[in-house]
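Undergrad: Structure file target.pdb, PDB, C-alpha atoms and all ligand atoms, is pasted below:
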ATOM      1  CA  MET A   1      12.433 -16.064   3.365  1.00  0.00           C
ATOM      2  CA  GLN A   2      16.006 -14.907   2.805  1.00  0.00           C
ATOM      3  CA  GLN A   3      18.284 -13.857   5.654  1.00  0.00           C
ATOM      4  CA  LEU A   4      18.002 -10.099   6.306  1.00  0.00           C
ATOM      5  CA  LYS A   5      21.446  -9.427   4.821  1.00  0.00           C
ATOM      6  CA  ASN A   6      20.476 -11.229   1.595  1.00  0.00           C
ATOM      7  CA  LEU A   7      17.258  -9.298   0.952  1.00  0.00           C
ATOM      8  CA  GLN A   8      17.090  -7.147  -2.186  1.00  0.00           C
ATOM      9  CA  GLY A   9      15.386  -3.760  -2.574  1.00  0.00           C
ATOM     10  CA  LEU A  10      13.475  -2.387   0.431  1.00  0.00           C
ATOM     11  CA  ARG A  11      14.233  -4.634   3.390  1.00  0.00           C
ATOM     12  CA  PHE A  12      11.819  -3.610   6.123  1.00  0.00           C
ATOM     13  CA  PRO A  13       8.031  -3.713   6.311  1.00  0.00           C
ATOM     14  CA  ASP A  14       6.062  -0.475   6.691  1.00  0.00           C
ATOM     15  CA  GLU A  15       5.907   0.216  10.442  1.00  0.00           C
ATOM     16  CA  TYR A  16       2.122   0.749  10.339  1.00  0.00           C
ATOM     17  CA  VAL A  17       1.615  -2.517   8.476  1.00  0.00           C
ATOM     18  CA  VAL A  18       3.558  -4.155  11.314  1.00  0.00           C
ATOM     19  CA  ARG A  19       1.420  -2.411  13.964  1.00  0.00           C
ATOM     20  CA  MET A  20      -1.825  -3.302  12.218  1.00  0.00           C
ATOM     21  CA  PHE A  21      -0.653  -6.915  11.717  1.00  0.00           C
ATOM     22  CA  PHE A  22      -0.059  -7.584  15.418  1.00  0.00           C
ATOM     23  CA  LYS A  23      -2.872  -5.380  16.805  1.00  0.00           C
ATOM     24  CA  GLU A  24      -5.346  -7.264  14.592  1.00  0.00           C
ATOM     25  CA  ARG A  25      -3.726 -10.548  15.689  1.00  0.00           C
ATOM     26  CA  LEU A  26      -3.058 -11.586  12.098  1.00  0.00           C
ATOM     27  CA  HIS A  27      -0.041 -13.580  13.364  1.00  0.00           C
ATOM     28  CA  GLU A  28      -2.543 -15.969  14.956  1.00  0.00           C
ATOM     29  CA  GLN A  29      -4.836 -16.484  11.954  1.00  0.00           C
ATOM     30  CA  PRO A  30      -3.029 -17.150   8.674  1.00  0.00           C
ATOM     31  CA  GLY A  31      -5.108 -16.427   5.590  1.00  0.00           C
ATOM     32  CA  ARG A  32      -4.731 -14.975   2.120  1.00  0.00           C
ATOM     33  CA  VAL A  33      -3.339 -11.453   1.610  1.00  0.00           C
ATOM     34  CA  LEU A  34      -3.138  -9.252  -1.481  1.00  0.00           C
ATOM     35  CA  GLU A  35      -0.801  -6.226  -1.619  1.00  0.00           C
ATOM     36  CA  LEU A  36      -1.279  -3.668  -4.399  1.00  0.00           C
ATOM     37  CA  GLY A  37       2.029  -1.927  -5.215  1.00  0.00           C
ATOM     38  CA  CYS A  38       3.997  -4.596  -3.330  1.00  0.00           C
ATOM     39  CA  GLY A  39       7.470  -3.399  -4.430  1.00  0.00           C
ATOM     40  CA  SER A  40      10.199  -5.793  -3.294  1.00  0.00           C
ATOM     41  CA  GLY A  41       7.802  -7.763  -1.075  1.00  0.00           C
ATOM     42  CA  ASN A  42       9.020  -6.070   2.122  1.00  0.00           C
ATOM     43  CA  ASN A  43       5.496  -6.176   3.622  1.00  0.00           C
ATOM     44  CA  LEU A  44       4.534  -9.589   2.251  1.00  0.00           C
ATOM     45  CA  ILE A  45       7.608 -11.100   3.938  1.00  0.00           C
ATOM     46  CA  LEU A  46       5.959 -10.437   7.311  1.00  0.00           C
ATOM     47  CA  PHE A  47       2.758 -12.230   6.274  1.00  0.00           C
ATOM     48  CA  GLN A  48       4.636 -15.146   4.704  1.00  0.00           C
ATOM     49  CA  GLU A  49       6.710 -15.569   7.863  1.00  0.00           C
ATOM     50  CA  TYR A  50       3.410 -16.208   9.682  1.00  0.00           C
ATOM     51  CA  GLU A  51       2.185 -18.773   7.106  1.00  0.00           C
ATOM     52  CA  TRP A  52      -0.058 -16.475   5.061  1.00  0.00           C
ATOM     53  CA  GLU A  53      -0.598 -17.109   1.359  1.00  0.00           C
ATOM     54  CA  VAL A  54       0.738 -13.926  -0.288  1.00  0.00           C
ATOM     55  CA  ILE A  55      -0.186 -12.314  -3.601  1.00  0.00           C
ATOM     56  CA  GLY A  56       1.551  -9.120  -4.750  1.00  0.00           C
ATOM     57  CA  ILE A  57       0.915  -6.861  -7.735  1.00  0.00           C
ATOM     58  CA  ASP A  58       3.301  -4.187  -9.000  1.00  0.00           C
ATOM     59  CA  ILE A  59       4.000  -2.320 -12.227  1.00  0.00           C
ATOM     60  CA  SER A  60       7.777  -2.693 -11.832  1.00  0.00           C
ATOM     61  CA  SER A  61       9.271  -5.960 -13.051  1.00  0.00           C
ATOM     62  CA  GLU A  62      12.550  -5.001 -11.339  1.00  0.00           C
ATOM     63  CA  SER A  63      10.791  -4.704  -7.950  1.00  0.00           C
ATOM     64  CA  LEU A  64       8.954  -7.968  -8.555  1.00  0.00           C
ATOM     65  CA  SER A  65      12.216  -9.675  -9.389  1.00  0.00           C
ATOM     66  CA  ASN A  66      13.522  -8.526  -5.971  1.00  0.00           C
ATOM     67  CA  ALA A  67      10.258  -9.724  -4.385  1.00  0.00           C
ATOM     68  CA  SER A  68      10.648 -13.079  -6.060  1.00  0.00           C
ATOM     69  CA  HIS A  69      14.171 -13.352  -4.602  1.00  0.00           C
ATOM     70  CA  ASN A  70      13.039 -12.212  -1.124  1.00  0.00           C
ATOM     71  CA  LEU A  71       9.918 -14.343  -0.782  1.00  0.00           C
ATOM     72  CA  ASN A  72       9.664 -18.087  -0.874  1.00  0.00           C
ATOM     73  CA  CYS A  73       8.053 -18.287  -4.322  1.00  0.00           C
ATOM     74  CA  GLU A  74       8.711 -21.983  -4.828  1.00  0.00           C
ATOM     75  CA  SER A  75       5.746 -22.806  -2.660  1.00  0.00           C
ATOM     76  CA  LYS A  76       2.215 -22.383  -4.017  1.00  0.00           C
ATOM     77  CA  SER A  77       1.648 -19.822  -1.282  1.00  0.00           C
ATOM     78  CA  ALA A  78       3.263 -16.873  -3.112  1.00  0.00           C
ATOM     79  CA  ASN A  79       2.200 -15.317  -6.379  1.00  0.00           C
ATOM     80  CA  LEU A  80       3.582 -12.124  -7.945  1.00  0.00           C
ATOM     81  CA  ILE A  81       1.820 -10.374 -10.809  1.00  0.00           C
ATOM     82  CA  THR A  82       3.051  -7.563 -13.064  1.00  0.00           C
ATOM     83  CA  MET A  83       0.218  -5.124 -13.769  1.00  0.00           C
ATOM     84  CA  ASP A  84      -0.299  -1.401 -14.291  1.00  0.00           C
ATOM     85  CA  LEU A  85      -3.080  -0.738 -11.803  1.00  0.00           C
ATOM     86  CA  SER A  86      -3.655   2.735 -13.230  1.00  0.00           C
ATOM     87  CA  LYS A  87      -5.085   0.987 -16.300  1.00  0.00           C
ATOM     88  CA  GLU A  88      -6.237  -2.463 -15.192  1.00  0.00           C
ATOM     89  CA  ILE A  89      -8.233  -3.988 -12.362  1.00  0.00           C
ATOM     90  CA  PRO A  90      -7.228  -7.548 -11.411  1.00  0.00           C
ATOM     91  CA  VAL A  91      -9.670 -10.451 -11.258  1.00  0.00           C
ATOM     92  CA  PHE A  92      -9.427 -13.240  -8.668  1.00  0.00           C
ATOM     93  CA  GLU A  93     -11.718 -16.196  -8.086  1.00  0.00           C
ATOM     94  CA  LYS A  94     -11.110 -16.521  -4.336  1.00  0.00           C
ATOM     95  CA  LEU A  95     -11.713 -13.799  -1.749  1.00  0.00           C
ATOM     96  CA  PHE A  96      -8.911 -12.359   0.414  1.00  0.00           C
ATOM     97  CA  ASP A  97      -8.654 -12.160   4.209  1.00  0.00           C
ATOM     98  CA  ALA A  98      -6.582  -8.966   3.934  1.00  0.00           C
ATOM     99  CA  ILE A  99      -5.928  -6.416   1.192  1.00  0.00           C
ATOM    100  CA  ILE A 100      -3.219  -3.824   1.826  1.00  0.00           C
ATOM    101  CA  LEU A 101      -2.257  -0.667  -0.095  1.00  0.00           C
ATOM    102  CA  PRO A 102       0.729   0.873   1.722  1.00  0.00           C
ATOM    103  CA  SER A 103       2.192   3.961  -0.020  1.00  0.00           C
ATOM    104  CA  PHE A 104       0.889   3.087  -3.465  1.00  0.00           C
ATOM    105  CA  ASN A 105      -2.478   4.728  -4.205  1.00  0.00           C
ATOM    106  CA  TYR A 106      -1.077   8.229  -4.787  1.00  0.00           C
ATOM    107  CA  TYR A 107       0.503   7.058  -8.047  1.00  0.00           C
ATOM    108  CA  ILE A 108      -2.973   6.299  -9.422  1.00  0.00           C
ATOM    109  CA  PRO A 109      -5.486   8.846 -10.809  1.00  0.00           C
ATOM    110  CA  ARG A 110      -8.292   9.499  -8.299  1.00  0.00           C
ATOM    111  CA  ALA A 111     -11.062   8.014 -10.508  1.00  0.00           C
ATOM    112  CA  GLN A 112      -9.125   4.750 -10.963  1.00  0.00           C
ATOM    113  CA  PHE A 113      -8.348   4.672  -7.240  1.00  0.00           C
ATOM    114  CA  GLN A 114     -12.108   4.649  -6.559  1.00  0.00           C
ATOM    115  CA  ASN A 115     -12.401   1.690  -8.995  1.00  0.00           C
ATOM    116  CA  ILE A 116      -9.618  -0.027  -7.045  1.00  0.00           C
ATOM    117  CA  LEU A 117     -11.474   0.569  -3.782  1.00  0.00           C
ATOM    118  CA  ASN A 118     -14.588  -1.023  -5.347  1.00  0.00           C
ATOM    119  CA  PHE A 119     -12.424  -3.995  -6.342  1.00  0.00           C
ATOM    120  CA  CYS A 120     -11.035  -4.233  -2.776  1.00  0.00           C
ATOM    121  CA  SER A 121     -14.531  -4.224  -1.280  1.00  0.00           C
ATOM    122  CA  ALA A 122     -15.736  -6.922  -3.689  1.00  0.00           C
ATOM    123  CA  SER A 123     -12.615  -9.074  -3.200  1.00  0.00           C
ATOM    124  CA  LEU A 124     -12.448  -9.044   0.608  1.00  0.00           C
ATOM    125  CA  CYS A 125     -14.229 -11.634   2.745  1.00  0.00           C
ATOM    126  CA  GLU A 126     -16.616 -10.516   5.514  1.00  0.00           C
ATOM    127  CA  GLY A 127     -14.482  -9.435   8.471  1.00  0.00           C
ATOM    128  CA  GLY A 128     -11.383  -9.156   6.254  1.00  0.00           C
ATOM    129  CA  ILE A 129      -8.839  -6.378   6.829  1.00  0.00           C
ATOM    130  CA  PHE A 130      -8.441  -3.396   4.500  1.00  0.00           C
ATOM    131  CA  PHE A 131      -5.290  -1.247   5.016  1.00  0.00           C
ATOM    132  CA  LEU A 132      -4.309   1.986   3.252  1.00  0.00           C
ATOM    133  CA  ARG A 133      -1.387   4.374   3.716  1.00  0.00           C
ATOM    134  CA  SER A 134      -1.678   7.521   1.605  1.00  0.00           C
ATOM    135  CA  ARG A 135      -0.181  11.032   1.266  1.00  0.00           C
ATOM    136  CA  THR A 136      -1.934  14.176   2.493  1.00  0.00           C
ATOM    137  CA  CYS A 137      -1.964  17.703   1.065  1.00  0.00           C
ATOM    138  CA  GLN A 138       0.512  18.695   3.822  1.00  0.00           C
ATOM    139  CA  ASP A 139       3.242  16.484   2.349  1.00  0.00           C
ATOM    140  CA  TRP A 140       6.404  18.267   1.103  1.00  0.00           C
ATOM    141  CA  ARG A 141       5.724  17.147  -2.482  1.00  0.00           C
ATOM    142  CA  TYR A 142       2.315  18.834  -2.665  1.00  0.00           C
ATOM    143  CA  GLY A 143       2.190  21.401  -5.492  1.00  0.00           C
ATOM    144  CA  ARG A 144       5.730  20.636  -6.700  1.00  0.00           C
ATOM    145  CA  GLY A 145       4.863  20.002 -10.331  1.00  0.00           C
ATOM    146  CA  ARG A 146       2.232  20.427 -13.004  1.00  0.00           C
ATOM    147  CA  LYS A 147      -1.344  20.174 -11.783  1.00  0.00           C
ATOM    148  CA  VAL A 148      -3.287  17.521 -13.712  1.00  0.00           C
ATOM    149  CA  GLU A 149      -6.279  16.878 -11.456  1.00  0.00           C
ATOM    150  CA  ASN A 150      -7.689  18.038  -8.138  1.00  0.00           C
ATOM    151  CA  ASN A 151      -4.703  17.887  -5.724  1.00  0.00           C
ATOM    152  CA  GLY A 152      -2.878  15.791  -8.315  1.00  0.00           C
ATOM    153  CA  PHE A 153       0.478  16.773  -9.853  1.00  0.00           C
ATOM    154  CA  ILE A 154       3.039  15.351 -12.242  1.00  0.00           C
ATOM    155  CA  LEU A 155       5.961  15.849  -9.880  1.00  0.00           C
ATOM    156  CA  ASP A 156       9.015  17.876 -10.629  1.00  0.00           C
ATOM    157  CA  CYS A 157      10.955  16.421  -7.671  1.00  0.00           C
ATOM    158  CA  LYS A 158      14.378  15.051  -8.467  1.00  0.00           C
ATOM    159  CA  GLU A 159      15.112  14.932  -4.720  1.00  0.00           C
ATOM    160  CA  THR A 160      12.703  12.065  -4.015  1.00  0.00           C
ATOM    161  CA  GLY A 161      13.327  10.169  -7.245  1.00  0.00           C
ATOM    162  CA  GLU A 162       9.702  10.772  -8.297  1.00  0.00           C
ATOM    163  CA  ASP A 163      10.358  13.200 -11.150  1.00  0.00           C
ATOM    164  CA  GLY A 164       7.599  12.766 -13.761  1.00  0.00           C
ATOM    165  CA  CYS A 165       5.409  10.601 -11.488  1.00  0.00           C
ATOM    166  CA  LEU A 166       1.766  11.393 -10.815  1.00  0.00           C
ATOM    167  CA  ASN A 167       1.055  12.078  -7.128  1.00  0.00           C
ATOM    168  CA  VAL A 168      -2.526  12.585  -5.957  1.00  0.00           C
ATOM    169  CA  PHE A 169      -2.852  13.998  -2.430  1.00  0.00           C
ATOM    170  CA  TYR A 170      -5.869  13.533  -0.142  1.00  0.00           C
ATOM    171  CA  GLU A 171      -7.292  14.978   3.025  1.00  0.00           C
ATOM    172  CA  LYS A 172      -8.362  12.403   5.622  1.00  0.00           C
ATOM    173  CA  ASN A 173     -12.068  13.123   5.112  1.00  0.00           C
ATOM    174  CA  GLU A 174     -11.897  12.622   1.377  1.00  0.00           C
ATOM    175  CA  LEU A 175     -10.228   9.233   1.851  1.00  0.00           C
ATOM    176  CA  THR A 176     -12.712   8.048   4.476  1.00  0.00           C
ATOM    177  CA  ASN A 177     -15.580   9.166   2.187  1.00  0.00           C
ATOM    178  CA  MET A 178     -14.075   7.311  -0.775  1.00  0.00           C
ATOM    179  CA  ILE A 179     -13.651   4.189   1.364  1.00  0.00           C
ATOM    180  CA  GLU A 180     -17.261   4.462   2.562  1.00  0.00           C
ATOM    181  CA  ASN A 181     -18.451   4.873  -1.052  1.00  0.00           C
ATOM    182  CA  SER A 182     -16.943   1.475  -1.834  1.00  0.00           C
ATOM    183  CA  PHE A 183     -17.354  -0.429   1.449  1.00  0.00           C
ATOM    184  CA  GLU A 184     -20.499   1.311   2.747  1.00  0.00           C
ATOM    185  CA  LYS A 185     -18.966   0.949   6.197  1.00  0.00           C
ATOM    186  CA  LEU A 186     -15.573  -0.239   7.349  1.00  0.00           C
ATOM    187  CA  ASN A 187     -15.926  -1.610  10.883  1.00  0.00           C
ATOM    188  CA  HIS A 188     -13.534  -0.674  13.697  1.00  0.00           C
ATOM    189  CA  MET A 189     -11.903   1.881  11.395  1.00  0.00           C
ATOM    190  CA  ASN A 190      -8.592   3.359  12.634  1.00  0.00           C
ATOM    191  CA  VAL A 191      -7.421   6.662  11.140  1.00  0.00           C
ATOM    192  CA  LEU A 192      -3.900   7.778  12.091  1.00  0.00           C
ATOM    193  CA  SER A 193      -1.524  10.559  11.050  1.00  0.00           C
ATOM    194  CA  ALA A 194       2.060   9.617  10.238  1.00  0.00           C
ATOM    195  CA  LYS A 195       4.435  12.556   9.930  1.00  0.00           C
ATOM    196  CA  TYR A 196       8.172  12.040   9.607  1.00  0.00           C
ATOM    197  CA  GLU A 197      11.251  13.651   8.120  1.00  0.00           C
ATOM    198  CA  ASN A 198      13.610  11.877   5.763  1.00  0.00           C
ATOM    199  CA  ILE A 199      16.795  13.007   4.042  1.00  0.00           C
ATOM    200  CA  GLN A 200      16.776  12.430   0.298  1.00  0.00           C
ATOM    201  CA  SER A 201      19.444  13.854  -2.023  1.00  0.00           C
ATOM    202  CA  GLY A 202      20.686  15.921   0.938  1.00  0.00           C
ATOM    203  CA  VAL A 203      17.281  17.621   1.395  1.00  0.00           C
ATOM    204  CA  VAL A 204      14.996  17.193   4.432  1.00  0.00           C
ATOM    205  CA  ILE A 205      11.682  15.888   3.094  1.00  0.00           C
ATOM    206  CA  ALA A 206       8.697  16.329   5.446  1.00  0.00           C
ATOM    207  CA  ASN A 207       6.410  13.394   4.748  1.00  0.00           C
ATOM    208  CA  ASP A 208       2.777  13.617   5.793  1.00  0.00           C
ATOM    209  CA  ASP A 209       0.748  10.431   5.527  1.00  0.00           C
ATOM    210  CA  VAL A 210      -2.597   9.134   6.655  1.00  0.00           C
ATOM    211  CA  VAL A 211      -2.989   5.496   7.686  1.00  0.00           C
ATOM    212  CA  ILE A 212      -6.432   3.877   7.650  1.00  0.00           C
ATOM    213  CA  TRP A 213      -7.452   0.336   8.376  1.00  0.00           C
ATOM    214  CA  GLY A 214     -10.575  -1.512   9.357  1.00  0.00           C
ATOM    215  CA  ARG A 215     -12.626  -4.671   8.775  1.00  0.00           C
ATOM    216  CA  LYS A 216     -15.257  -5.235   6.089  1.00  0.00           C
TER     217      LYS A 216
HETATM  218  C1  LIG B   1       6.520   3.711  -2.471  1.00  0.00           C
HETATM  219  S1  LIG B   1       6.511   2.092  -3.138  1.00  0.00           S
HETATM  220  C2  LIG B   1       5.704   1.187  -1.819  1.00  0.00           C
HETATM  221  C3  LIG B   1       6.130  -0.254  -1.783  1.00  0.00           C
HETATM  222  C4  LIG B   1       5.490  -1.069  -0.636  1.00  0.00           C
HETATM  223  N1  LIG B   1       4.044  -1.103  -0.762  1.00  0.00           N
HETATM  224  C5  LIG B   1       5.861  -0.515   0.711  1.00  0.00           C
HETATM  225  O1  LIG B   1       4.985  -0.250   1.543  1.00  0.00           O
HETATM  226  O2  LIG B   1       7.073  -0.392   0.981  1.00  0.00           O
HETATM  227  C6  LIG B   1       5.214   2.201  -4.361  1.00  0.00           C
HETATM  228  C7  LIG B   1       5.067   0.955  -5.220  1.00  0.00           C
HETATM  229  O3  LIG B   1       3.930   1.114  -6.077  1.00  0.00           O
HETATM  230  C8  LIG B   1       4.266   0.627  -7.368  1.00  0.00           C
HETATM  231  N2  LIG B   1       3.404   1.278  -8.379  1.00  0.00           N
HETATM  232  C9  LIG B   1       3.421   2.574  -8.751  1.00  0.00           C
HETATM  233  N3  LIG B   1       2.533   2.790  -9.746  1.00  0.00           N
HETATM  234  C10 LIG B   1       1.942   1.599  -9.995  1.00  0.00           C
HETATM  235  C11 LIG B   1       0.942   1.169 -10.922  1.00  0.00           C
HETATM  236  N4  LIG B   1       0.416   2.026 -11.812  1.00  0.00           N
HETATM  237  N5  LIG B   1       0.555  -0.135 -10.908  1.00  0.00           N
HETATM  238  C12 LIG B   1       1.112  -1.013 -10.022  1.00  0.00           C
HETATM  239  N6  LIG B   1       2.069  -0.660  -9.137  1.00  0.00           N
HETATM  240  C13 LIG B   1       2.481   0.625  -9.114  1.00  0.00           C
HETATM  241  C14 LIG B   1       5.735   1.008  -7.517  1.00  0.00           C
HETATM  242  O4  LIG B   1       6.379   0.261  -8.534  1.00  0.00           O
HETATM  243  C15 LIG B   1       6.268   0.745  -6.125  1.00  0.00           C
HETATM  244  O5  LIG B   1       6.735  -0.582  -5.979  1.00  0.00           O
END
Starting from the file, give its structure as structure tokens.
Ligand SMILES: C[S@@+](CC[C@H](N)C(=O)[O-])C[C@H]1O[C@@H](n2cnc3c(N)ncnc32)[C@H](O)[C@@H]1O

TA:
Amino acid sequence: MQQLKNLQGLRFPDEYVVRMFFKERLHEQPGRVLELGCGSGNNLILFQEYEWEVIGIDISSESLSNASHNLNCESKSANLITMDLSKEIPVFEKLFDAIILPSFNYYIPRAQFQNILNFCSASLCEGGIFFLRSRTCQDWRYGRGRKVENNGFILDCKETGEDGCLNVFYEKNELTNMIENSFEKLNHMNVLSAKYENIQSGVVIANDDVVIWGRK
């Protein structure tokens, strides 16, 4: 891993990924992790630091180029894949010990997100960790754009840099039902609210997220 000052793109892991990682004692049991929408590898850095094999998928080749710089990709223990997950579902031969989707699923149409959840269930080993951080209907962005599906909008939000992006918002219950549709049951499931304000383009943006993790 690069020194902190040499990292490119987003530098810090998601704080709930960090909490989940240590609460679930993942620092003591290295395994194989897949992150969907891995961006610049800011979450995978944490896993790699603790000897995990890391696999990241993202649509953005620019973000993956940052991830490639940030992670130790010379070793066989890191693999970065460019893929549009709104259109494709990846295929892997080996199962994962953890699959994480922090702040990514809302860019995907709901029907494809359910396909992705089915993929996650099929690709996770028994006892493996599933982690999701998503946006709720109370988020500032909700309704700011053209409606294209239930609680889904093509955003008209220059402030957050997401102008023209699809955002699909969920209530907690809908997400837990969708997860149960794919996993039947996620054991020891944690469901948390994460509300925080951020300043973007000089505007206070009230973010409203739900964080869910559990074991297959
Ligand atoms: C808000 S960032 C989150 C990055 C990282 N997971 C984190 O927690 O900091 C969302 C990421 O999802 C990626 N993404 C958006 N749509 C995607 C798609 N259709 N297929 C794959 N990745 C996508 C973006 O390129 C971006 O890197």

Undergrad: Find the residue from A:Gln138, A:Asn187, A:Gln3, A:Ser123 that sits nearest to Phe96 (chain A); use all atoms listed in the file when measuring.

TA: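 Residue with the minimum atom-to-atom distance to Phe96 (chain A): A:Ser123.
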
Undergrad: Evaluating the PyMOL selection byres (((chain A and resi 209) around 10) and not hetatm) on the displayed file yields which residues, as a PyMOL selection string?

TA: chain A and resi 103+133-139+169-172+192-196+206-208+210-212

Undergrad: Point out the residue among A:Val18, A:Ala98, A:Cys120, A:Val204 with the least atom-to-atom distance to ligand LIG 1 (chain B), counting all atoms listed in the file.

TA: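 Checking each of A:Val18, A:Ala98, A:Cys120, A:Val204 against ligand LIG 1 (chain B), counting all atoms listed in the file, the winner is A:Val18.
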
Undergrad: Set the distance at 10 Å and use all atoms listed in the file: which residues neighbour Ala122 (chain A) once local chain neighbours fewer than 3 positions away are removed? I'd like the list as a count of residues only.

TA: 11

Undergrad: Could you list, as a PyMOL selection string, all residues that come within 6 Å of ligand LIG 1 (chain B)? Count all atoms listed in the file.

TA: chain A and resi 14+37-39+58-60+83-86+102-104+107-108

Undergrad: Translate the PyMOL selection byres (((chain A and resi 33-36) around 7) and not hetatm), as applied to the file shown, into an explicit residue set as a PyMOL selection string.

TA: chain A and resi 31-32+37-38+52-58+96-101

Undergrad: Convert the output of the PyMOL selection byres (((chain A and resi 155-158) around 12) and not hetatm) on the shown file into explicit residues, formatted as a ChimeraX atom specification.

TA: /A:106-107,140-148,151-154,159-169,200-203,205

Undergrad: Closest to Thr176 (chain A) among A:Gln114, A:Gly128, A:Leu71, A:Arg19, using all atoms listed in the file?

TA: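 Residue with the minimum atom-to-atom distance to Thr176 (chain A): A:Gln114.
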
Undergrad: In Å, how far is it from CA of Leu7 (chain A) to CA of Ser61 (chain A)?

TA: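 Distance reported for this atom pair: 16.5 Å.
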
Undergrad: Using CA of Gln8 (chain A) and CA of Asn42 (chain A) as the two end points, give the distance in Å to one decimal.

TA: 9.2 Å

Undergrad: Rounded to one decimal place, report the CA of Met178 (chain A)-CA of Arg215 (chain A) distance in Å.

TA: 15.4 Å

Undergrad: Please identify all polymer residues within 9 Å of Glu28 (chain A), counting only C-alpha atoms, omitting same-chain residues fewer than 3 positions from it, and present them as a list of chain:residue names.

TA: A:Phe22, A:Arg25, A:Tyr50

Undergrad: Can you list, as a PyMOL selection string, every protein, DNA or RNA residue that comes within 6 Å of Gly214 (chain A) when you count only C-alpha atoms, leaving out same-chain residues fewer than 2 positions away?

TA: chain A and resi 129-130+186-189
